[in-house]
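This is my_file10.pdb. It holds PDB, C-alpha atoms.
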```pdb
ATOM      1  CA  MET A 136     133.125  41.535-144.017
ATOM      2  CA  LYS A 137     135.872  43.182-142.011
ATOM      3  CA  LYS A 138     137.268  46.664-141.944
ATOM      4  CA  GLU A 139     140.196  47.294-144.289
ATOM      5  CA  THR A 140     143.245  48.647-142.487
ATOM      6  CA  ILE A 141     145.107  51.397-144.311
ATOM      7  CA  SER A 142     147.570  52.251-141.548
ATOM      8  CA  LYS A 143     147.919  51.087-137.956
ATOM      9  CA  SER A 144     150.230  51.655-134.981
ATOM     10  CA  GLU A 145     149.929  51.576-131.208
ATOM     11  CA  LYS A 146     148.588  55.153-131.359
ATOM     12  CA  HIS A 147     146.212  55.056-134.326
ATOM     13  CA  HIS A 148     144.148  52.976-136.740
ATOM     14  CA  LEU A 149     143.156  54.335-140.157
ATOM     15  CA  TYR A 150     140.647  52.106-141.938
ATOM     16  CA  LYS A 151     137.718  51.722-144.324
ATOM     17  CA  GLU A 152     134.447  50.008-143.454
ATOM     18  CA  PRO A 153     133.036  47.687-146.150
ATOM     19  CA  TYR A 154     129.503  49.044-145.677
ATOM     20  CA  ASP A 155     130.580  52.703-146.003
ATOM     21  CA  GLU A 156     132.663  53.292-149.125
ATOM     22  CA  GLY A 157     132.358  57.082-148.915
ATOM     23  CA  ARG A 158     134.289  57.480-145.660
ATOM     24  CA  ILE A 159     137.596  56.684-144.011
ATOM     25  CA  TYR A 160     137.835  56.286-140.240
ATOM     26  CA  LEU A 161     140.663  57.339-137.933
ATOM     27  CA  GLU A 162     140.838  56.036-134.377
ATOM     28  CA  MET A 163     143.412  57.677-132.114
ATOM     29  CA  LYS A 164     144.402  56.816-128.558
ATOM     30  CA  ASP A 165     144.029  59.725-126.158
ATOM     31  CA  PRO A 166     143.384  62.389-128.814
ATOM     32  CA  GLU A 167     143.841  66.044-128.014
ATOM     33  CA  PHE A 168     140.855  68.026-129.240
ATOM     34  CA  LYS A 169     138.537  70.914-128.560
ATOM     35  CA  THR A 170     135.055  71.727-129.727
ATOM     36  CA  ILE A 171     133.854  75.141-130.797
ATOM     37  CA  ASP A 172     130.343  76.495-131.208
ATOM     38  CA  ASN A 173     130.291  79.677-133.286
ATOM     39  CA  PHE A 174     127.204  81.809-133.566
ATOM     40  CA  TYR A 175     127.043  84.340-136.398
ATOM     41  CA  GLY A 176     123.625  85.906-135.998
ATOM     42  CA  ALA A 177     121.184  83.233-137.178
ATOM     43  CA  VAL A 178     123.984  80.888-138.299
ATOM     44  CA  HIS A 179     125.269  78.270-135.865
ATOM     45  CA  GLU A 180     128.487  76.499-136.783
ATOM     46  CA  LYS A 181     129.914  73.535-134.868
ATOM     47  CA  LYS A 182     133.581  72.594-135.210
ATOM     48  CA  ILE A 183     136.008  70.106-133.767
ATOM     49  CA  ILE A 184     139.721  70.727-133.805
ATOM     50  CA  LEU A 185     141.739  67.538-133.576
ATOM     51  CA  THR A 186     145.447  67.793-132.893
ATOM     52  CA  ILE A 187     147.234  65.004-134.771
ATOM     53  CA  PRO A 188     150.737  64.212-133.530
ATOM     54  CA  LYS A 189     153.360  64.657-136.234
ATOM     55  CA  ASP A 190     154.504  61.027-136.121
ATOM     56  CA  ILE A 191     150.948  59.841-136.824
ATOM     57  CA  TRP A 192     150.493  62.473-139.550
ATOM     58  CA  ASP A 193     153.726  61.364-141.249
ATOM     59  CA  GLU A 194     152.540  57.751-141.136
ATOM     60  CA  LEU A 195     149.127  58.667-142.565
ATOM     61  CA  LYS A 196     150.710  60.603-145.442
ATOM     62  CA  LYS A 197     152.594  57.456-146.496
ATOM     63  CA  HIS A 198     149.290  55.726-147.289
ATOM     64  CA  ASN A 199     147.101  56.895-150.129
ATOM     65  CA  ALA A 200     143.529  56.092-149.079
ATOM     66  CA  GLU A 201     142.015  56.201-152.558
TER      67      GLU A 201
END
```

Could you render the structure from this file as structure tokens?
Amino acid sequence: MKKETISKSEKHHLYKEPYDEGRIYLEMKDPEFKTIDNFYGAVHEKKIILTIPKDIWDELKKHNAE
């Protein structure tokens, strides 16, 4: 079984894996991102902020991944 492409360009690939029906995957070339570790007393929260270029976002919105 192969991955099912939802949207693809030179900059990105949005797809589903046949073995993982509960997730959708987004590969991006040279993504801009930052990671954040927040500590609130005993609570530790990890975050990633991914900056998605508008042209890729517009392309992704065209495709309903349901």

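With the shown file loaded, the PyMOL selection byres ((chain A and resi 184) around 10) picks out A:Glu167, A:Phe168, A:Lys169, A:Thr170, A:Ile171, A:Lys182, A:Ile183, A:Leu185, A:Thr186, A:Ile187.
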
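Candidate residues A:Leu149, A:Ile141, A:Val178, A:Leu195 were compared for distance to Met163 of chain A, and the nearest is A:Leu149, using all atoms listed in the file.
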
Query - Interatomic distance, atom CA of Lys196 of chain A to atom CA of Glu145 of chain A (Å, one decimal) - result: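 Between these atoms lies a distance of 16.9 Å.
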
Report summary line: Students should find that atom CA of Lys164 of chain A and atom CA of His198 of chain A are spaced 19.4 Å

Query raised in the report: Nearest to Leu161 of chain A among A:His148, A:Asn173, A:Ile191, A:Lys138, with distances taken over all atoms listed in the file: which residue is it?
Result: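 Counting all atoms listed in the file, the residue closest to Leu161 of chain A is A:His148.
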
Query raised in the report: What's the 10 Å shell around Lys137 of chain A, counting only C-alpha atoms, without same-chain residues fewer than 5 positions away, as number ranges by chain?
Result: A: 151-154

Query - Interatomic distance (Å, one decimal) between atom CA of Tyr160 of chain A and atom CA of Thr140 of chain A - result: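 Computing it gives 9.6 Å between the two atoms.
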
Query raised in the report: Which residue, A:Glu194, A:Asp172, A:Asp155, A:Asp165, has the smallest gap to Lys143 of chain A when you use all atoms listed in the file?
Result: A:Glu194

**Report entry** Among the residues A:Glu180, A:Glu162, A:Tyr175, A:Lys189, the one that comes closest to Ser144 of chain A [using all atoms listed in the file]
**Finding:**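 Going through A:Glu180, A:Glu162, A:Tyr175, A:Lys189 one by one, the smallest distance to Ser144 of chain A is for A:Glu162.
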
Could you please fill out segment 147-174 of chain A with N, CA and C atoms and send it back as a CSV table (one decimal), keeping the file's coordinate frame?
```
chain,number,residue,atom,x,y,z
A,147,HIS,N,147.3,54.7,-133.4
A,147,HIS,CA,146.2,55.1,-134.3
A,147,HIS,C,145.8,53.8,-135.2
A,148,HIS,N,144.6,54.0,-135.8
A,148,HIS,CA,144.1,53.0,-136.7
A,148,HIS,C,143.3,53.7,-137.8
A,149,LEU,N,143.8,53.7,-139.0
A,149,LEU,CA,143.2,54.3,-140.2
A,149,LEU,C,142.6,53.2,-141.0
A,150,TYR,N,141.3,53.2,-141.3
A,150,TYR,CA,140.6,52.1,-141.9
A,150,TYR,C,139.4,52.5,-142.7
A,151,LYS,N,139.0,51.6,-143.6
A,151,LYS,CA,137.7,51.7,-144.3
A,151,LYS,C,136.8,50.6,-143.8
A,152,GLU,N,135.5,51.0,-143.8
A,152,GLU,CA,134.4,50.0,-143.5
A,152,GLU,C,133.8,49.5,-144.8
A,153,PRO,N,133.6,48.2,-144.9
A,153,PRO,CA,133.0,47.7,-146.2
A,153,PRO,C,131.6,48.2,-146.5
A,154,TYR,N,130.9,48.6,-145.5
A,154,TYR,CA,129.5,49.0,-145.7
A,154,TYR,C,129.4,50.6,-146.0
A,155,ASP,N,130.6,51.2,-145.9
A,155,ASP,CA,130.6,52.7,-146.0
A,155,ASP,C,131.7,53.1,-146.9
A,156,GLU,N,131.6,53.0,-148.2
A,156,GLU,CA,132.7,53.3,-149.1
A,156,GLU,C,133.0,54.8,-149.3
A,157,GLY,N,132.1,55.7,-148.8
A,157,GLY,CA,132.4,57.1,-148.9
A,157,GLY,C,133.1,57.7,-147.8
A,158,ARG,N,133.6,56.9,-146.8
A,158,ARG,CA,134.3,57.5,-145.7
A,158,ARG,C,135.5,56.7,-145.3
A,159,ILE,N,136.4,57.3,-144.6
A,159,ILE,CA,137.6,56.7,-144.0
A,159,ILE,C,137.6,57.0,-142.5
A,160,TYR,N,137.9,56.1,-141.7
A,160,TYR,CA,137.8,56.3,-140.2
A,160,TYR,C,139.2,56.3,-139.6
A,161,LEU,N,139.4,57.2,-138.7
A,161,LEU,CA,140.7,57.3,-137.9
A,161,LEU,C,140.4,57.2,-136.4
A,162,GLU,N,140.9,56.2,-135.8
A,162,GLU,CA,140.8,56.0,-134.4
A,162,GLU,C,142.2,56.4,-133.8
A,163,MET,N,142.2,57.3,-132.8
A,163,MET,CA,143.4,57.7,-132.1
A,163,MET,C,143.3,57.5,-130.6
A,164,LYS,N,144.4,57.0,-130.0
A,164,LYS,CA,144.4,56.8,-128.6
A,164,LYS,C,144.6,58.2,-127.9
A,165,ASP,N,143.9,58.5,-126.9
A,165,ASP,CA,144.0,59.7,-126.2
A,165,ASP,C,144.2,61.0,-127.0
A,166,PRO,N,143.2,61.2,-127.9
A,166,PRO,CA,143.4,62.4,-128.8
A,166,PRO,C,143.3,63.7,-128.0
A,167,GLU,N,144.0,64.7,-128.5
A,167,GLU,CA,143.8,66.0,-128.0
A,167,GLU,C,142.9,66.8,-129.0
A,168,PHE,N,141.8,67.3,-128.4
A,168,PHE,CA,140.9,68.0,-129.2
A,168,PHE,C,140.1,69.1,-128.4
A,169,LYS,N,139.5,70.0,-129.2
A,169,LYS,CA,138.5,70.9,-128.6
A,169,LYS,C,137.4,71.1,-129.5
A,170,THR,N,136.2,71.4,-128.9
A,170,THR,CA,135.1,71.7,-129.7
A,170,THR,C,134.8,73.2,-129.6
A,171,ILE,N,134.2,73.7,-130.7
A,171,ILE,CA,133.9,75.1,-130.8
A,171,ILE,C,132.4,75.3,-131.3
A,172,ASP,N,131.7,76.1,-130.7
A,172,ASP,CA,130.3,76.5,-131.2
A,172,ASP,C,130.4,78.0,-131.6
A,173,ASN,N,130.3,78.3,-132.8
A,173,ASN,CA,130.3,79.7,-133.3
A,173,ASN,C,128.9,80.1,-133.7
A,174,PHE,N,128.5,81.3,-133.2
A,174,PHE,CA,127.2,81.8,-133.6
A,174,PHE,C,127.4,83.1,-134.3
```
